[in-house]
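**Student:** Structure below; questions to follow.
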Number of protein chains: 2
Amino acid sequence: MTQTTLTTGELMALVTEILQGGGLSQLHAEALGRVIVAGERDHCKSHGVYRLEGCLRTIKAGKVAPDAEPVLADADGAILRVDAKGGFSNAAFELGAPALGKRARELGMAALVINDCVHFAALWPEIETLTDMGLAALAMCPSYATVAPTGGNAPLMGTNPFAFGWPRKGTPPYVFDFATSVAARGEIELHRRAGDPLPEGWALDKDGAPTTDPEAALAGAMLPFGAHKGSAISTMIELLAGVMIGDLTSPEALDLLGTTTLAPKHGELILAFDPERFAAGRGDPLARAETLFEAIAGQGARLPSQRRFAARAETAQNGIVLSGDEMALLEKLRDKGLEAVELA
Amino acid sequence: MTQTTLTTGELMALVTEILQGGGLSQLHAEALGRVIVAGERDHCKSHGVYRLEGCLRTIKAGKVAPDAEPVLADADGAILRVDAKGGFSNAAFELGAPALGKRARELGMAALVINDCVHFAALWPEIETLTDMGLAALAMCPSYATVAPTGGNAPLMGTNPFAFGWPRKGTPPYVFDFATSVAARGEIELHRRAGDPLPEGWALDKDGAPTTDPEAALAGAMLPFGAHKGSAISTMIELLAGVMIGDLTSPEALDLLGTTTLAPKHGELILAFDPERFAAGRGDPLARAETLFEAIAGQGARLPSQRRFAARAETAQNGIVLSGDEMALLEKLRDKGLEAVELA
């Protein structure tokens with residue numbers, strides 16, 4: 001099948017049509033549409049149109065409120081809080097982000113807590129919203145219990161993403177966004193389909209023994225990145241972005257749904273920092289950061305997200321290119337709506 | 001030589017006598033004494049009396065202000081700031097910690113910036129000061145450029161410690177405190193002395209090639225933990241706790257002194273969170289955290305710092321046991337003062 005080239009606007013229209021056809025309100029369809037289009041724009045396929053089926057499946061299963069109206073509470077000191085009312089997190093973040101930015105400017109630092117949201121997206125679009133305001137930002141959330149703590153033998157923590165951004169003038173921000181598991185669950189699935197063994201240290205089987213068999217790993221547990229250090233950071237995310245914000249931990253999120261095939265429901269914590277305010281006149285933080293980035297790149301080391309930003313520049317020139325299979329999927333989802341997806 | 005058993009009070013008296021003999025003011029001698037005694041109390045030998053020589057060497061080299069009076073500025077929104085005036089960081093932290101705790105209670109979250117301090121201690125004593133107040137806390141600082149970014153070939157980042165704590169009722173807190181390098185520099189030194197090769201992935205030689213030779217590693221660069229993910233976290237620490245707070249990055253700290261044998265001068269960033277305030281009535285965060293800790297320990301996985309806390313309990317029973325060599329060192333430092341140490 002031939003490839004199809006779309007503008008970001010054309011893809012946005014198609015994706016929102018699909019999501020509204022699946023029952024999402026315009027608010028949610030557009031908020032999800034923006035992050036899915038951003039994924040395709042950045043050649044970040046794992047967060048692109050591929051995610052639509054999971055969204056529709058979660059709607060079909062009744063595990064997300066498709067027309068939830070998120071509510072922003074008055075600021076409580078440095079804490080902003082959005083109750084997502086069981087809807088997808090994206091619209092909740094978009095509601096809270098301007099207030100978070102404003103409060104971070106007022107106090108030097110502020111936190112956005114999102115509660116009771118259904119989460120399916122990467123964190124980097126949220127981080128970039130804040131770096132676009134000239135703020136540094138840190139974001140984290142639990143997920144599903146699929147990762148064993150180092151020294152343990154069974155799934156407990158989630159793949160718990162940890163993301164950070166730093167604003168840069170005239171060039172895309174410094175951004176990282178990674179799972180605190182050694183690999184994403186999707187990577188294990190890719191090894192399974194290819195019939196390839198996993199690298200050592202990725203996973204345990206259902207009895208808690210190390211395994212390189214993808215099938216056994218999927219029935220067992222993934223392992224944290226960086227051994228006990230990554231395990232500690234993953235635990236910190238359960239504490240700060242689960243327990244502390246009064247929302248579900250990864251084991252609680254899995255208990256609630258009983259499956260990892262639907263988008264999980266939990267909360268999210270985003271911290272924003274005003275670099276100028278922290279620097280308090282002791283040098284220009286944005287200029288000094290460039291010296292550090294130049295030293296990193298000058299060694300031939302890659303800054304994170306550079307592949308994404310290169311893809312973004314290419315998309316701006318050439319549009320978004322979808323494969324025949326991808327277009328066929330989109331057309332099927334558009335034409336059949338929720339009937340196009342099956343519950344596991 | 002025989003072992004000597006001291007109470008923590010006896011060791012504190014001896015250590016502060018040594019530090020005052022080396023020229024530190026009472027304020028600094030006591031602040032440093034507390035963390036050195038805490039290191040011995042917790043059998044954390046790398047941060048115990050062994051550190052005294054480095055402190056005295058830094059004083060002798062004129063690279064720390066021995067009688068600096070740290071100054072706490074008025075709170076600027078969520079930001080507390082202590083100017084350490086070139087003195088050791090410990091007294092600066094002790095000055096700022098109560099104000100940080102108070103502000104975190106008022107706003108839900110606050111930051112303590114320490115500027116212009118000389119740093120030699122672990123971060124966990126500071127984290128525990130905050131968990132003792134019922135707060136969660138995150139602390140980080142640069143160090144010396146000794147670690148290459150992943151994909152790079154030369155020292156740039158520091159071993160940049162990252163520490164976190166969560167308060168627990170009736171039991172020591174959840175605390176981790178680790179270098180973001182794959183190993184501490186001291187561990188490489190221990191391999192060198194023992195004539196043992198390093199594990200793969202720890203270090204590069206001076207030409208940027210992977211090495212397992214400790215000697216070549218010490219002349220080259222260490223590597224971050226967890227490959228590109230640890231490298232990204234270490235970069236984040238340079239940004240937040242160096243550039244953002246208007247203080248030195250690890251390469252700048254090394255440029256300033258030209259050696260890694262003295263305690264580095266830079267800044268530090270500590271964040272404090274009020275769990276009750278963040279939870280806002282959505283469950284009891286301290287009780288829910290215990291469920292998570294039980295699940296981790298129930299798998300046979302170790303919570304971080306448990307060895308330290310077990311040692312602390314043992315010390316409370318049996319006192320601090322020092323080897324003959326350690327007592328000889330202490331007596332030499334007490335009797336000879338700065339003459340007992342040599343500059344490299």
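Residues in the structure tokens are named by chain (A, B, ... in the order shown) and by number from 1 within that chain; ligands are numbered from 1 in the order shown.
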Write out as a PyMOL selection string the set of residues from segment 182-257 of chain A that DSSP, computed on the backbone, places in helix (DSSP H, G or I).
**Tutor:** chain A and resi 185-194+214-219+227-244+250-257
**Student:** Using only C-alpha atoms, which residues sit within 12 Å of segment 260-263 of chain B once same-chain residues fewer than 4 positions away are excluded, as a PDB file with N, CA, C and O atoms, in the first residue's frame?
**Tutor:**
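Output saved as out22.pdb:
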ATOM      1  N   ARG B  51      36.650  11.266  56.824  1.00  0.00           N
ATOM      2  CA  ARG B  51      36.490  12.546  56.128  1.00  0.00           C
ATOM      3  C   ARG B  51      37.267  13.693  56.768  1.00  0.00           C
ATOM      4  O   ARG B  51      37.418  14.762  56.180  1.00  0.00           O
ATOM      5  N   LEU B  52      37.713  13.490  58.017  1.00  0.00           N
ATOM      6  CA  LEU B  52      38.359  14.605  58.735  1.00  0.00           C
ATOM      7  C   LEU B  52      39.603  15.115  58.010  1.00  0.00           C
ATOM      8  O   LEU B  52      39.843  16.323  57.949  1.00  0.00           O
ATOM      9  N   GLU B  53      40.383  14.183  57.479  1.00  0.00           N
ATOM     10  CA  GLU B  53      41.609  14.629  56.790  1.00  0.00           C
ATOM     11  C   GLU B  53      41.283  15.559  55.629  1.00  0.00           C
ATOM     12  O   GLU B  53      41.961  16.561  55.421  1.00  0.00           O
ATOM     13  N   GLY B  54      40.259  15.204  54.864  1.00  0.00           N
ATOM     14  CA  GLY B  54      39.872  16.045  53.737  1.00  0.00           C
ATOM     15  C   GLY B  54      39.403  17.424  54.188  1.00  0.00           C
ATOM     16  O   GLY B  54      39.706  18.434  53.547  1.00  0.00           O
ATOM     17  N   CYS B  55      38.686  17.459  55.302  1.00  0.00           N
ATOM     18  CA  CYS B  55      38.240  18.754  55.841  1.00  0.00           C
ATOM     19  C   CYS B  55      39.448  19.606  56.213  1.00  0.00           C
ATOM     20  O   CYS B  55      39.533  20.787  55.856  1.00  0.00           O
ATOM     21  N   LEU B  56      40.376  18.992  56.943  1.00  0.00           N
ATOM     22  CA  LEU B  56      41.551  19.754  57.387  1.00  0.00           C
ATOM     23  C   LEU B  56      42.400  20.187  56.185  1.00  0.00           C
ATOM     24  O   LEU B  56      42.948  21.288  56.160  1.00  0.00           O
ATOM     25  N   ARG B  57      42.488  19.307  55.184  1.00  0.00           N
ATOM     26  CA  ARG B  57      43.276  19.637  53.997  1.00  0.00           C
ATOM     27  C   ARG B  57      42.644  20.838  53.266  1.00  0.00           C
ATOM     28  O   ARG B  57      43.345  21.721  52.779  1.00  0.00           O
ATOM     29  N   THR B  58      41.311  20.845  53.216  1.00  0.00           N
ATOM     30  CA  THR B  58      40.619  21.953  52.548  1.00  0.00           C
ATOM     31  C   THR B  58      40.819  23.257  53.316  1.00  0.00           C
ATOM     32  O   THR B  58      41.008  24.319  52.721  1.00  0.00           O
ATOM     33  N   ILE B  59      40.841  23.167  54.651  1.00  0.00           N
ATOM     34  CA  ILE B  59      41.115  24.359  55.466  1.00  0.00           C
ATOM     35  C   ILE B  59      42.555  24.826  55.217  1.00  0.00           C
ATOM     36  O   ILE B  59      42.812  26.001  54.968  1.00  0.00           O
ATOM     37  N   LYS B  60      43.482  23.874  55.249  1.00  0.00           N
ATOM     38  CA  LYS B  60      44.901  24.204  55.093  1.00  0.00           C
ATOM     39  C   LYS B  60      45.175  24.862  53.736  1.00  0.00           C
ATOM     40  O   LYS B  60      46.012  25.765  53.621  1.00  0.00           O
ATOM     41  N   ALA B  61      44.438  24.388  52.714  1.00  0.00           N
ATOM     42  CA  ALA B  61      44.616  24.938  51.361  1.00  0.00           C
ATOM     43  C   ALA B  61      43.971  26.309  51.216  1.00  0.00           C
ATOM     44  O   ALA B  61      44.100  26.947  50.171  1.00  0.00           O
ATOM     45  N   GLY B  62      43.248  26.736  52.247  1.00  0.00           N
ATOM     46  CA  GLY B  62      42.598  28.049  52.178  1.00  0.00           C
ATOM     47  C   GLY B  62      41.388  28.044  51.270  1.00  0.00           C
ATOM     48  O   GLY B  62      40.973  29.088  50.771  1.00  0.00           O
ATOM     49  N   LYS B  63      40.789  26.859  51.059  1.00  0.00           N
ATOM     50  CA  LYS B  63      39.670  26.741  50.126  1.00  0.00           C
ATOM     51  C   LYS B  63      38.319  26.679  50.817  1.00  0.00           C
ATOM     52  O   LYS B  63      37.324  26.302  50.202  1.00  0.00           O
ATOM     53  N   VAL B  64      38.296  27.006  52.104  1.00  0.00           N
ATOM     54  CA  VAL B  64      37.015  27.122  52.814  1.00  0.00           C
ATOM     55  C   VAL B  64      37.180  28.254  53.835  1.00  0.00           C
ATOM     56  O   VAL B  64      38.285  28.454  54.350  1.00  0.00           O
ATOM     57  N   GLY B  86      31.086  30.906  51.710  1.00  0.00           N
ATOM     58  CA  GLY B  86      32.328  30.166  51.501  1.00  0.00           C
ATOM     59  C   GLY B  86      32.669  29.176  52.592  1.00  0.00           C
ATOM     60  O   GLY B  86      33.738  28.566  52.567  1.00  0.00           O
ATOM     61  N   GLY B  87      31.755  28.990  53.528  1.00  0.00           N
ATOM     62  CA  GLY B  87      31.993  28.014  54.590  1.00  0.00           C
ATOM     63  C   GLY B  87      31.449  26.637  54.216  1.00  0.00           C
ATOM     64  O   GLY B  87      30.817  26.464  53.165  1.00  0.00           O
ATOM     65  N   PHE B  88      31.663  25.658  55.078  1.00  0.00           N
ATOM     66  CA  PHE B  88      31.092  24.331  54.840  1.00  0.00           C
ATOM     67  C   PHE B  88      29.567  24.421  54.825  1.00  0.00           C
ATOM     68  O   PHE B  88      28.965  25.264  55.505  1.00  0.00           O
ATOM     69  N   SER B  89      28.957  23.520  54.044  1.00  0.00           N
ATOM     70  CA  SER B  89      27.512  23.572  53.809  1.00  0.00           C
ATOM     71  C   SER B  89      26.680  23.229  55.038  1.00  0.00           C
ATOM     72  O   SER B  89      25.521  23.618  55.139  1.00  0.00           O
ATOM     73  N   CYS B 117      28.864  27.323  49.091  1.00  0.00           N
ATOM     74  CA  CYS B 117      29.243  26.455  50.212  1.00  0.00           C
ATOM     75  C   CYS B 117      30.310  25.462  49.770  1.00  0.00           C
ATOM     76  O   CYS B 117      30.434  25.144  48.598  1.00  0.00           O
ATOM     77  N   VAL B 118      31.059  24.982  50.723  1.00  0.00           N
ATOM     78  CA  VAL B 118      32.018  23.908  50.487  1.00  0.00           C
ATOM     79  C   VAL B 118      31.375  22.627  50.994  1.00  0.00           C
ATOM     80  O   VAL B 118      30.863  22.589  52.114  1.00  0.00           O
ATOM     81  N   HIS B 119      31.383  21.612  50.139  1.00  0.00           N
ATOM     82  CA  HIS B 119      30.537  20.449  50.386  1.00  0.00           C
ATOM     83  C   HIS B 119      31.385  19.200  50.542  1.00  0.00           C
ATOM     84  O   HIS B 119      32.208  18.892  49.715  1.00  0.00           O
ATOM     85  N   PHE B 120      31.171  18.463  51.609  1.00  0.00           N
ATOM     86  CA  PHE B 120      31.946  17.220  51.752  1.00  0.00           C
ATOM     87  C   PHE B 120      31.098  16.073  52.271  1.00  0.00           C
ATOM     88  O   PHE B 120      31.568  14.944  52.340  1.00  0.00           O
ATOM     89  N   ALA B 121      29.849  16.327  52.627  1.00  0.00           N
ATOM     90  CA  ALA B 121      29.092  15.338  53.395  1.00  0.00           C
ATOM     91  C   ALA B 121      28.075  14.600  52.525  1.00  0.00           C
ATOM     92  O   ALA B 121      27.781  15.008  51.408  1.00  0.00           O
ATOM     93  N   PRO B 142      25.757  19.316  42.522  1.00  0.00           N
ATOM     94  CA  PRO B 142      26.853  18.910  41.641  1.00  0.00           C
ATOM     95  C   PRO B 142      28.033  18.449  42.492  1.00  0.00           C
ATOM     96  O   PRO B 142      27.948  18.422  43.723  1.00  0.00           O
ATOM     97  N   SER B 143      29.141  18.092  41.847  1.00  0.00           N
ATOM     98  CA  SER B 143      30.373  17.831  42.610  1.00  0.00           C
ATOM     99  C   SER B 143      31.528  18.270  41.729  1.00  0.00           C
ATOM    100  O   SER B 143      31.596  19.435  41.367  1.00  0.00           O
ATOM    101  N   TYR B 144      32.456  17.365  41.387  1.00  0.00           N
ATOM    102  CA  TYR B 144      33.566  17.681  40.490  1.00  0.00           C
ATOM    103  C   TYR B 144      33.368  16.971  39.174  1.00  0.00           C
ATOM    104  O   TYR B 144      32.900  15.832  39.166  1.00  0.00           O
ATOM    105  N   ALA B 145      33.801  17.567  38.103  1.00  0.00           N
ATOM    106  CA  ALA B 145      33.714  16.912  36.794  1.00  0.00           C
ATOM    107  C   ALA B 145      34.604  15.678  36.769  1.00  0.00           C
ATOM    108  O   ALA B 145      35.819  15.783  36.606  1.00  0.00           O
ATOM    109  N   THR B 146      33.989  14.513  36.963  1.00  0.00           N
ATOM    110  CA  THR B 146      34.731  13.246  36.925  1.00  0.00           C
ATOM    111  C   THR B 146      33.975  12.186  36.135  1.00  0.00           C
ATOM    112  O   THR B 146      34.470  11.073  35.978  1.00  0.00           O
ATOM    113  N   GLY B 158      29.529  15.708  37.559  1.00  0.00           N
ATOM    114  CA  GLY B 158      30.042  15.190  38.813  1.00  0.00           C
ATOM    115  C   GLY B 158      29.413  13.849  39.152  1.00  0.00           C
ATOM    116  O   GLY B 158      28.604  13.311  38.390  1.00  0.00           O
ATOM    117  N   THR B 159      29.778  13.319  40.298  1.00  0.00           N
ATOM    118  CA  THR B 159      29.121  12.109  40.787  1.00  0.00           C
ATOM    119  C   THR B 159      27.740  12.461  41.335  1.00  0.00           C
ATOM    120  O   THR B 159      26.971  11.579  41.724  1.00  0.00           O
ATOM    121  N   ARG B 185      33.747   7.294  43.397  1.00  0.00           N
ATOM    122  CA  ARG B 185      35.170   7.349  43.069  1.00  0.00           C
ATOM    123  C   ARG B 185      35.984   6.500  44.040  1.00  0.00           C
ATOM    124  O   ARG B 185      36.944   5.837  43.651  1.00  0.00           O
ATOM    125  N   GLY B 186      35.545   6.493  45.292  1.00  0.00           N
ATOM    126  CA  GLY B 186      36.237   5.699  46.306  1.00  0.00           C
ATOM    127  C   GLY B 186      36.227   4.199  45.998  1.00  0.00           C
ATOM    128  O   GLY B 186      37.169   3.489  46.327  1.00  0.00           O
ATOM    129  N   LEU B 218      40.878   6.149  36.791  1.00  0.00           N
ATOM    130  CA  LEU B 218      41.102   7.343  37.616  1.00  0.00           C
ATOM    131  C   LEU B 218      41.710   8.480  36.783  1.00  0.00           C
ATOM    132  O   LEU B 218      41.482   9.653  37.061  1.00  0.00           O
ATOM    133  N   ALA B 219      42.440   8.123  35.749  1.00  0.00           N
ATOM    134  CA  ALA B 219      42.998   9.138  34.849  1.00  0.00           C
ATOM    135  C   ALA B 219      41.995   9.519  33.755  1.00  0.00           C
ATOM    136  O   ALA B 219      42.214  10.475  33.010  1.00  0.00           O
ATOM    137  N   SER B 250      29.647  21.208  37.943  1.00  0.00           N
ATOM    138  CA  SER B 250      30.802  20.356  38.283  1.00  0.00           C
ATOM    139  C   SER B 250      32.062  20.745  37.506  1.00  0.00           C
ATOM    140  O   SER B 250      33.143  20.786  38.087  1.00  0.00           O
ATOM    141  N   PRO B 251      31.969  21.028  36.191  1.00  0.00           N
ATOM    142  CA  PRO B 251      33.201  21.465  35.513  1.00  0.00           C
ATOM    143  C   PRO B 251      33.715  22.797  36.053  1.00  0.00           C
ATOM    144  O   PRO B 251      34.933  22.993  36.185  1.00  0.00           O
ATOM    145  N   ALA B 253      33.323  23.857  39.141  1.00  0.00           N
ATOM    146  CA  ALA B 253      33.889  23.590  40.477  1.00  0.00           C
ATOM    147  C   ALA B 253      35.298  23.020  40.367  1.00  0.00           C
ATOM    148  O   ALA B 253      36.186  23.361  41.157  1.00  0.00           O
ATOM    149  N   LEU B 254      35.503  22.158  39.377  1.00  0.00           N
ATOM    150  CA  LEU B 254      36.843  21.593  39.193  1.00  0.00           C
ATOM    151  C   LEU B 254      37.814  22.657  38.674  1.00  0.00           C
ATOM    152  O   LEU B 254      38.954  22.746  39.121  1.00  0.00           O
ATOM    153  N   ASP B 255      37.349  23.474  37.737  1.00  0.00           N
ATOM    154  CA  ASP B 255      38.198  24.566  37.232  1.00  0.00           C
ATOM    155  C   ASP B 255      38.659  25.467  38.369  1.00  0.00           C
ATOM    156  O   ASP B 255      39.795  25.933  38.387  1.00  0.00           O
ATOM    157  N   LEU B 256      37.753  25.730  39.300  1.00  0.00           N
ATOM    158  CA  LEU B 256      38.061  26.668  40.382  1.00  0.00           C
ATOM    159  C   LEU B 256      39.202  26.159  41.254  1.00  0.00           C
ATOM    160  O   LEU B 256      40.069  26.922  41.669  1.00  0.00           O
ATOM    161  N   VAL B 341      48.182  17.055  58.075  1.00  0.00           N
ATOM    162  CA  VAL B 341      47.742  16.759  56.700  1.00  0.00           C
ATOM    163  C   VAL B 341      48.650  17.473  55.690  1.00  0.00           C
ATOM    164  O   VAL B 341      49.179  18.546  55.953  1.00  0.00           O
ATOM    165  N   GLU B 342      48.782  16.817  54.554  1.00  0.00           N
ATOM    166  CA  GLU B 342      49.618  17.396  53.498  1.00  0.00           C
ATOM    167  C   GLU B 342      48.767  17.735  52.290  1.00  0.00           C
ATOM    168  O   GLU B 342      47.837  17.013  51.940  1.00  0.00           O
ATOM    169  N   LEU B 343      49.113  18.815  51.639  1.00  0.00           N
ATOM    170  CA  LEU B 343      48.421  19.163  50.397  1.00  0.00           C
ATOM    171  C   LEU B 343      49.007  18.312  49.270  1.00  0.00           C
ATOM    172  O   LEU B 343      50.204  18.032  49.260  1.00  0.00           O
ATOM    173  N   ALA B 344      48.134  17.910  48.373  1.00  0.00           N
ATOM    174  CA  ALA B 344      48.591  17.025  47.286  1.00  0.00           C
ATOM    175  C   ALA B 344      49.554  17.785  46.365  1.00  0.00           C
ATOM    176  O   ALA B 344      49.479  18.980  46.230  1.00  0.00           O
TER     177      ALA B 344
END
**Student:** Would you kindly report the residues of chain B within 7 Å of chain A, using only C-alpha atoms, as a PyMOL selection string?
**Tutor:** chain B and resi 77-79+106-109+149-153+176+225-226+232+239+243-246+275+278-279+282-283+285+288-289+296+299-302
**Student:** May I ask for the distance between atom CA of Thr129 of chain B and atom CA of Phe309 of chain B, given in Å to one decimal place?
**Tutor:** 14.8 Å
**Student:** Contacts of Leu329 of chain B at 9 Å or less, counting only C-alpha atoms, minus same-chain residues fewer than 4 places along, as a list in words?
**Tutor:**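 Residues near the query, excluding close chain neighbours: Val49, Tyr50, Glu53, Gly324, Asp325, Leu333 and Arg334 of chain B.
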